[in-house]
Amino acid sequence: MYSIAFSEISAVGGEISLLAVAALLLLFRPKKPVAVLLTLLGICAALLLTLAPWKNTLDVFSGTYHSGKLEAYLKDIALIAGAISLFLLKDDKKIKLHFSEIVSLLIFMLCGAMIIVSARHLILTWLAFELLSVPAYALVGSIPSSSKGTEGGLKYAVFGGTASATMLYGFSLLYGAVGSLSYSNIQFAFSNSEIVSLSSPLIIISLVMIIVGIMFKLSAAPFHYWVPDALEAASPSIAGFISVVPKIAGFGLLIILNSIFYGSAVWLSLIYAVSILSMTFGNLAAIHQNNLQRLMAYSTIAHAGYMLAAASLGTQYGSFAILYYLTVYTFMNLGAFYIIGLSSEHSRIDELKGLSARTPFLSFCMAVILFSLTGLPPFGGLTGKLFIISAALMKEQHLLVGVLIINSVISLYYYARILKAMYFEKGEGEKIDISPISQTVIAGITAMLLILGIMWQAIGKIAEIAAGI
Amino acid sequence: MTLSLLLLIPLLGSVIALFVPEKAVKPLALVITIVTLIAAIPLLIYFDTSISGFQFLEERYWIPTFGINYIVAVDGLSLPLVILTVLLSLICIIASWNIEKHVRGYFSLFLLLQSAMTGVFIALDMFLFYVFWELMLLPMYFLIGIWGAPPRVDADGRTRGGPYAAIKFFIYTLIGSLLMLVAILWLWNQNGTFDFRQWTDPDRNIQFQVILWTLFFIAFAIKIPMFPFHTWLPDAHVEAPTAVSVVLAGVLLKMGTYGIIRFNYFLFPDATVMMAITVGVFGVINIIYGTLCAMAQTDMKRLVAYSSISHMGYVMLGMSAFMSVGRGSAVYEGLLGGTLQMWNHGTITAMMFLLVGVIYDRAHHRDITRLGGLAITMPIYTGFVGLAFFASLGLPGLSGFIGEALVLLGTWKAAGIYRIFVGIAAVGIVITAGYHLWLIHRAFLGKENPECAKLPDINLREIITLVPLGLIVIWIGVYPAPALRYISATMQSIVDNILQAGL
């Protein structure tokens with residue numbers, strides 16, 4: 001009989017502690033402060049427990065579950081993203097559902113993200129994918145009596161369902177070709193041209209279908225149609241979370257799959273094409289948005305494109321660039337949605353007019369975030385782009401670099417529209433009261449962007465180790 | 001430590017300015033800039049003029065695993081520009097005394113701008129350089145956008161105003177700097193360090209050199225601004241507040257030519273030799289194009305802005321003439337004149353923008369056709385205008401003449417096609433004299449315009465901003481030797497370096 005050893009438990013310690021918190025929340029439905037405290041405790045415990053495999057890699061459950069440095073890094077960013085979202089969610093007055101329920105959905109998503117990056121078996125990957133997606137559909141539709149919310153949620157669900165079905169079909173075709181669902185067997189098959197021919201139609205079709213599924217999660221064009229609607233419909237706290245955590249999971253999966261499929265020209269060139277499409281489309285479509293959440297939605301499409309550019313290289317340095325950019329991106333995006341949530345009722349750009357006069361703190365932090373999103377020093381966004389560009393230059397992908405550069409310039413234009421509203425235009429509105437906790441969190445995010453831009457030595461080193469350089 | 005102080009004092013000041021009471025902000029900024037100026041004096045005293053290399057070198061670890069270090073130093077090329085930055089910053093703080101809107105933000109951003117500008121001139125690590133280069137954009141964007149002219153639509157239906165000019169300036173510069181970033185990362189990948197002094201490679205393939213040269217050049221050409229990348233400049237100048245125009249013309253434009261001499265010339269000597277004539281051609285185009293545009297302006301500030309384009313053309317022409325065509329022997333005067341012209345243009349244009357600001361504060365417009373006979377109502381003002389404008393048009397005895405004469409001398413020595421350039425540039429000088437004199441004729445001489453009969457003359461604060469610049473203009477015009485001594489050793493080594501390594 002198969003018995004579970006302690007080491008195997010410790011490999012999933014983080015996931016277990018989160019699920020325990022979710023179970024407690026759903027069973028006892030505590031009041032808000034208790035729920036926040038409990039969730040924070042759970043996240044902190046998970047943060048510590050996921051760091052355990054940093055010293056020695058754990059390969060458990062007959063090789064279907066893997067916890068190493070890369071996994072620990074990705075899980076920890078996702079957990080930090082979860083913690084930041086929790087603070088914003090706490091003050092969100094738009095959501096009428098019981099707080100514990102909302103938070104437990106959030107936790108399930110986090111768990112899904114964590115399992116995706118650790119799974120080394122296609123069925124487990126697919127299950128985790130669903131665990132990540134289904135709560136998200138519910139979260140988007142969580143503002144009651146809003147037709148937009150229902151529409152956004154439904155759109156997300158229909159698209160998501162189709163995408164995961166496509167991916168599942170891709171997995172089954174891959175199983176047909178290789179005869180195994182475990183990553184290690186697939187990797188073995190792909191490295192032996194006698195077992196698997198990379199140019200066989202079966203393999204190509206299955207890879208294309210898997211890409212479609214992942215790109216959907218990464219909100220990359222042309223699989224982005226749900227993104228603006230879903231992120232506009234959701235309350236800013238949820239929108240921030242949805243724009244970040246599935247991306248962390250998706251890019252984690254992409255990095256892992258890259259190490260198996262890097263030999264396939266179809267795989268890499270598809271990512272390449274999607275990357276260029278996403279950057280260009282996301283940035284061009286963002287120019288004319290007047291709703292901040294919609295604008296940010298298109299901006300996330302563009303940023304997915306930047307990271308995909310690094311993914312399309314299939315190199316370890318590219319993986320490192322993704323990991324670093326993901327970290328910066330997490331802080332930038334959550335910060336932007338945090339401030340949008342605090343400073344505007346309907347998330348219109350007009351509402352930010354004159355924010356600098358009313359609440360200089362918020363407008364200053366927003367300016368830092370916007371500059372970072374554009375990729376200007378001394379903020380993290382530049383460092384992230386620096387690594388992506390240099391990874392692309394190493395593989396002599398000059399076209400990719402050119403497109404990225406042009407897109408960065410375009411992006412300045414629409415980020416500057418927000419700056420312009422905040423600083424150059426007069427607006428009416430009241431001073432915004434920010435709770436000390438929110439102030440601390442936002443200041444922390446701003447400081448983090450500065451650290452990621454100036455003193456990134458430590459974080460860069462950790463990301464390098466995680467990427468296996 | 002001296003150089004780091006020049007960075008740190010204004011940076012510290014910009015933070016402190018956010019927390020002091022609103023009344024104390026202006027004195028604080030004044031004290032900060034005066035202290036910075038005093039801190040810069042040791043540079044002038046202890047600078048060894050016989051050494052061509054970097055002096056006051058400071059090296060500290062920053063992010064060593066990625067080959068990034070904090071390296072700052074000055075040589076004969078950057079020293080004058082650092083001094084110019086520190087001096088103009090002080091003058092601009094005095095010139096900004098009448099700012100009433102968001103005082104804290106304005107002076108804080110201005111001090112941040114000063115720190116970033118100084119950083120651009122002294123950074124030897126390319127990552128550090130890039131950080132300062134872009135950091136400069138952030139305060140500039142807000143200074144033009146918030147304190148510039150309010151947004152409006154002009155008679156031809158075109159958008160005008162601070163926010164428009166700010167974003168135009170920002171986008172133009174960003175395009176260039178991102179191209180430069182690619183080149184920087186390219187070289188970083190090859191060498192594993194951001195220290196540009198270690199990027200030289202005598203065996204570098206010529207095609208590769210030309211590509212990198214072009215990437216750097218476009219970034220700097222936008223800043224100069226070189227035709228056809230100049231269209232941001234008139235907008236930015238016209239919409240910006242006076243003090244911002246002064247640093248924009250006085251310091252920021254120099255970064256373009258500085259960057260080309262510092263990086264393009266040093267890193268890619270072969271490509272530089274190949275492209276020298278192209279630079280010269282663009283220089284000549286700038287001279288002629290700038291003067292002709294200036295001739296057509298009725299807005300005084302726009303006129304001065306276009307004259308800047310024209311004057312930067314002389315710098316480009318001078319620095320392109322480092323070698324005589326055919327014989328391949330070294331020519332030093334062109335580069336020497338170009339560098340001196342950078343300094344001269346910095347001081348003269350600063351004066352001109354300050355003077356335009358004076359009239360705008362009083363008449364609330366800058367339309368030359370609505371002025372007239374100002375010499376009667378504002379005699380002292382007219383005196384300063386005379387000094388600045390005659391220096392700008394190149395009157396012997398004033399600094400503008402020395403720079404231009406050296407440039408033309410060097411260009412003539414370069415022989416070959418450069419002699420044709422001299423001929424065209426000479427035509428440019430005539431037109432330059434034309435629009436300057438025509439402006440004085442229309443606005444200051446002749447019958448008094450009743451509209452501006454009651455304007456008060458220039459006040460003491462404005463005189464204080466103008467006098468130091470005026471003295472420099474006269475001093476360099478009469479006795480340029482001390483100024484040239486600071487730069488000549490470095491210029492010679494730059495030229496020799498190109499010729500040794502070049503084709």
# chains A, B, ... in the order shown; residues from 1 in each chain; ligands from 1

call {"tool": "interface_residues", "arguments": {"of": "chain A", "to": "chain B", "cutoff": "7 Å", "atoms": "only C-alpha atoms", "output": "PyMOL selection string"}}
result
chain A and resi 376-378+390+393+405+409+423-424+457

call {"tool": "residues_around", "arguments": {"residues": "A:Thr330", "least_positions_apart": "2", "cutoff": "8 Å", "atoms": "only C-alpha atoms", "output": "list of chain:residue names"}}
result
A:Ile77, A:Ala81, A:Val244, A:Leu326, A:Thr327, A:Val328, A:Met332, A:Asn333, A:Leu334

call {"tool": "write_last_selection", "arguments": {"atoms": "C-alpha atoms", "output": "JSON list (two decimals), in the first residue's frame"}}
result
[["chain", "number", "residue", "atom", "x", "y", "z"],
["A", 77, "ILE", "CA", 4.52, 36.08, -5.47],
["A", 81, "ALA", "CA", -0.60, 39.26, -4.39],
["A", 244, "VAL", "CA", -2.34, 39.06, -11.56],
["A", 326, "LEU", "CA", 6.11, 39.01, -12.95],
["A", 327, "THR", "CA", 7.28, 40.29, -9.58],
["A", 328, "VAL", "CA", 7.33, 43.89, -10.73],
["A", 332, "MET", "CA", 2.41, 47.61, -10.33],
["A", 333, "ASN", "CA", -0.93, 46.15, -11.25],
["A", 334, "LEU", "CA", -2.21, 45.56, -7.75]]

call {"tool": "residues_around", "arguments": {"residues": "A:Val245", "least_positions_apart": "2", "cutoff": "12 Å", "atoms": "only C-alpha atoms", "output": "number ranges by chain"}}
result
A: 74-85, 106-114, 116-117, 129, 132-133, 136, 217-219, 238-243, 247-252, 326-327, 329-331, 333-334

call {"tool": "select_by_dssp", "arguments": {"residues": "stretch 58-121 of chain B", "states": "helix (DSSP H, G or I)", "output": "ChimeraX atom specification"}}
result
/B:64-66,78-95,103-121

call {"tool": "residues_around", "arguments": {"residues": "B:Ala39", "least_positions_apart": "4", "cutoff": "12 Å", "atoms": "only C-alpha atoms", "output": "PDB file with C-alpha atoms, in the first residue's frame"}}
result
ATOM      1  CA  MET B   1      33.061  63.231  -3.023  1.00  0.00           C
ATOM      2  CA  THR B   2      32.740  66.641  -4.697  1.00  0.00           C
ATOM      3  CA  LEU B   3      30.756  65.278  -7.597  1.00  0.00           C
ATOM      4  CA  SER B   4      28.473  63.192  -5.429  1.00  0.00           C
ATOM      5  CA  LEU B   5      27.724  66.313  -3.403  1.00  0.00           C
ATOM      6  CA  LEU B   6      26.512  68.041  -6.557  1.00  0.00           C
ATOM      7  CA  LEU B   7      24.034  65.183  -6.954  1.00  0.00           C
ATOM      8  CA  LEU B   8      23.073  64.770  -3.345  1.00  0.00           C
ATOM      9  CA  ILE B   9      22.539  68.351  -2.208  1.00  0.00           C
ATOM     10  CA  PRO B  10      19.776  69.147  -4.730  1.00  0.00           C
ATOM     11  CA  ILE B  32      20.339  74.709  -1.733  1.00  0.00           C
ATOM     12  CA  THR B  33      21.363  75.974  -5.155  1.00  0.00           C
ATOM     13  CA  ILE B  34      23.860  78.452  -3.695  1.00  0.00           C
ATOM     14  CA  VAL B  35      25.412  75.702  -1.596  1.00  0.00           C
ATOM     15  CA  LEU B  43      36.061  71.459  -9.308  1.00  0.00           C
ATOM     16  CA  LEU B  44      37.275  74.582 -11.074  1.00  0.00           C
ATOM     17  CA  ILE B  45      40.193  75.096  -8.718  1.00  0.00           C
ATOM     18  CA  VAL B  82      28.368  70.695 -14.967  1.00  0.00           C
ATOM     19  CA  ILE B  83      29.264  74.251 -14.011  1.00  0.00           C
ATOM     20  CA  VAL B  86      24.786  74.432 -11.366  1.00  0.00           C
ATOM     21  CA  LEU B  87      24.935  78.091 -12.338  1.00  0.00           C
TER      22      LEU B  87
END

call {"tool": "atom_distance", "arguments": {"atom1": "atom CA of B:Phe263", "atom2": "atom CA of B:Asp48"}}
result
22.4 Å

call {"tool": "closest_residue", "arguments": {"among": "A:Ser275, A:Ser142, A:Ser164, A:Thr315", "to": "A:Trp126", "atoms": "only C-alpha atoms"}}
result
A:Ser164

call {"tool": "residues_around", "arguments": {"residues": "A:Leu231", "least_positions_apart": "6", "cutoff": "7 Å", "atoms": "only C-alpha atoms", "output": "list in words"}}
result
Ala239, Gln293, Arg294 and Ala297 of chain A

call {"tool": "write_last_selection", "arguments": {"atoms": "C-alpha atoms", "output": "short mmCIF file (atom, residue, chain, number, x, y, z; two decimals), in the first residue's frame"}}
result
data_model
loop_
_atom_site.label_atom_id
_atom_site.label_comp_id
_atom_site.auth_asym_id
_atom_site.auth_seq_id
_atom_site.Cartn_x
_atom_site.Cartn_y
_atom_site.Cartn_z
CA ALA A 239 -10.05 42.91 -10.97
CA GLN A 293 -10.41 49.38 -15.33
CA ARG A 294 -10.84 48.83 -19.05
CA ALA A 297 -7.30 45.57 -18.74
#

call {"tool": "atom_distance", "arguments": {"atom1": "atom CA of B:Trp213", "atom2": "atom CA of B:Asn344"}}
result
27.1 Å

call {"tool": "residues_around", "arguments": {"residues": "stretch 285-287 of chain A", "least_positions_apart": "3", "cutoff": "10 Å", "atoms": "only C-alpha atoms", "output": "compact mmCIF listing (two decimals) with N, CA and C atoms, in the first residue's frame"}}
result
# COMPACT_ATOMS: atom_id res chain seq x y z
N PRO A 228 -11.28 42.78 -21.07
CA PRO A 228 -11.82 44.11 -20.74
C PRO A 228 -13.17 44.03 -20.06
N THR A 280 1.05 44.76 -29.21
CA THR A 280 0.58 45.79 -30.11
C THR A 280 -0.90 46.06 -29.90
N PHE A 281 -1.68 44.97 -29.87
CA PHE A 281 -3.11 45.17 -29.74
C PHE A 281 -3.45 45.82 -28.40
N GLY A 282 -2.87 45.28 -27.32
CA GLY A 282 -3.18 45.81 -25.99
C GLY A 282 -2.92 47.30 -25.91
N ASN A 290 -11.84 55.19 -21.68
CA ASN A 290 -12.10 56.19 -20.67
C ASN A 290 -12.39 55.59 -19.31
N ASN A 291 -12.59 54.28 -19.31
CA ASN A 291 -12.79 53.61 -18.04
C ASN A 291 -11.45 53.08 -17.58
N LEU A 292 -11.09 53.43 -16.35
CA LEU A 292 -9.75 53.06 -15.88
C LEU A 292 -9.54 51.56 -15.84
N ARG A 294 -10.99 49.31 -17.67
CA ARG A 294 -10.84 48.83 -19.05
C ARG A 294 -9.45 49.15 -19.59
N LEU A 295 -9.02 50.39 -19.28
CA LEU A 295 -7.68 50.79 -19.73
C LEU A 295 -6.63 49.86 -19.13
N MET A 296 -6.77 49.60 -17.85
CA MET A 296 -5.80 48.71 -17.20
C MET A 296 -5.91 47.30 -17.77
N ALA A 297 -7.13 46.91 -18.16
CA ALA A 297 -7.30 45.57 -18.74
C ALA A 297 -6.48 45.46 -20.01
N TYR A 298 -6.59 46.47 -20.86
CA TYR A 298 -5.79 46.42 -22.09
C TYR A 298 -4.31 46.51 -21.78
N SER A 299 -3.98 47.28 -20.75
CA SER A 299 -2.57 47.37 -20.39
C SER A 299 -2.05 46.01 -19.91
N THR A 300 -2.91 45.23 -19.21
CA THR A 300 -2.42 43.90 -18.80
C THR A 300 -2.21 43.01 -20.01
N ILE A 301 -3.05 43.18 -21.03
CA ILE A 301 -2.83 42.40 -22.25
C ILE A 301 -1.45 42.72 -22.82
N ALA A 302 -1.14 44.02 -22.84
CA ALA A 302 0.16 44.43 -23.37
C ALA A 302 1.29 43.86 -22.53
N ILE A 410 4.20 53.82 -27.13
CA ILE A 410 2.75 53.99 -27.23
C ILE A 410 2.12 53.97 -25.84
N SER A 411 2.63 53.07 -25.01
CA SER A 411 2.00 52.93 -23.70
C SER A 411 2.12 54.21 -22.88
N LEU A 412 3.22 54.92 -23.09
CA LEU A 412 3.37 56.18 -22.35
C LEU A 412 2.16 57.09 -22.59
N TYR A 413 1.66 57.06 -23.81
CA TYR A 413 0.60 57.99 -24.18
C TYR A 413 -0.64 57.80 -23.32
N TYR A 414 -1.06 56.53 -23.17
CA TYR A 414 -2.30 56.39 -22.39
C TYR A 414 -2.06 56.43 -20.89
N TYR A 415 -0.88 56.02 -20.43
CA TYR A 415 -0.62 56.20 -19.01
C TYR A 415 -0.56 57.69 -18.69
N ARG A 417 -2.27 59.93 -19.99
CA ARG A 417 -3.62 60.51 -19.90
C ARG A 417 -4.09 60.51 -18.44

call {"tool": "residues_around", "arguments": {"residues": "B:Arg461", "least_positions_apart": "3", "cutoff": "10 Å", "atoms": "only C-alpha atoms", "output": "NGL selection string"}}
result
:B and (94-95 or 97 or 458 or 464-466)

call {"tool": "write_last_selection", "arguments": {"atoms": "C-alpha atoms", "output": "PDB file, in the first residue's frame"}}
result
ATOM      1  CA  ILE B  94      15.779  83.329  -8.649  1.00  0.00           C
ATOM      2  CA  ALA B  95      13.876  83.719 -11.903  1.00  0.00           C
ATOM      3  CA  TRP B  97      10.482  83.747  -7.535  1.00  0.00           C
ATOM      4  CA  ILE B 458      13.321  95.676 -15.363  1.00  0.00           C
ATOM      5  CA  ILE B 464      20.463  89.847 -10.601  1.00  0.00           C
ATOM      6  CA  THR B 465      19.600  86.903 -12.841  1.00  0.00           C
ATOM      7  CA  LEU B 466      21.043  88.604 -15.921  1.00  0.00           C
TER       8      LEU B 466
END

call {"tool": "closest_residue", "arguments": {"among": "A:Ala357, A:Leu88, A:Met209, A:Ala443", "to": "B:Gly105", "atoms": "only C-alpha atoms"}}
result
A:Ala357

call {"tool": "select_by_dssp", "arguments": {"residues": "stretch 138-371 of chain B", "states": "strand (DSSP E or B)", "output": "NGL selection string"}}
result
:B and (152-153 or 159-160 or 195 or 299 or 323 or 330 or 367)
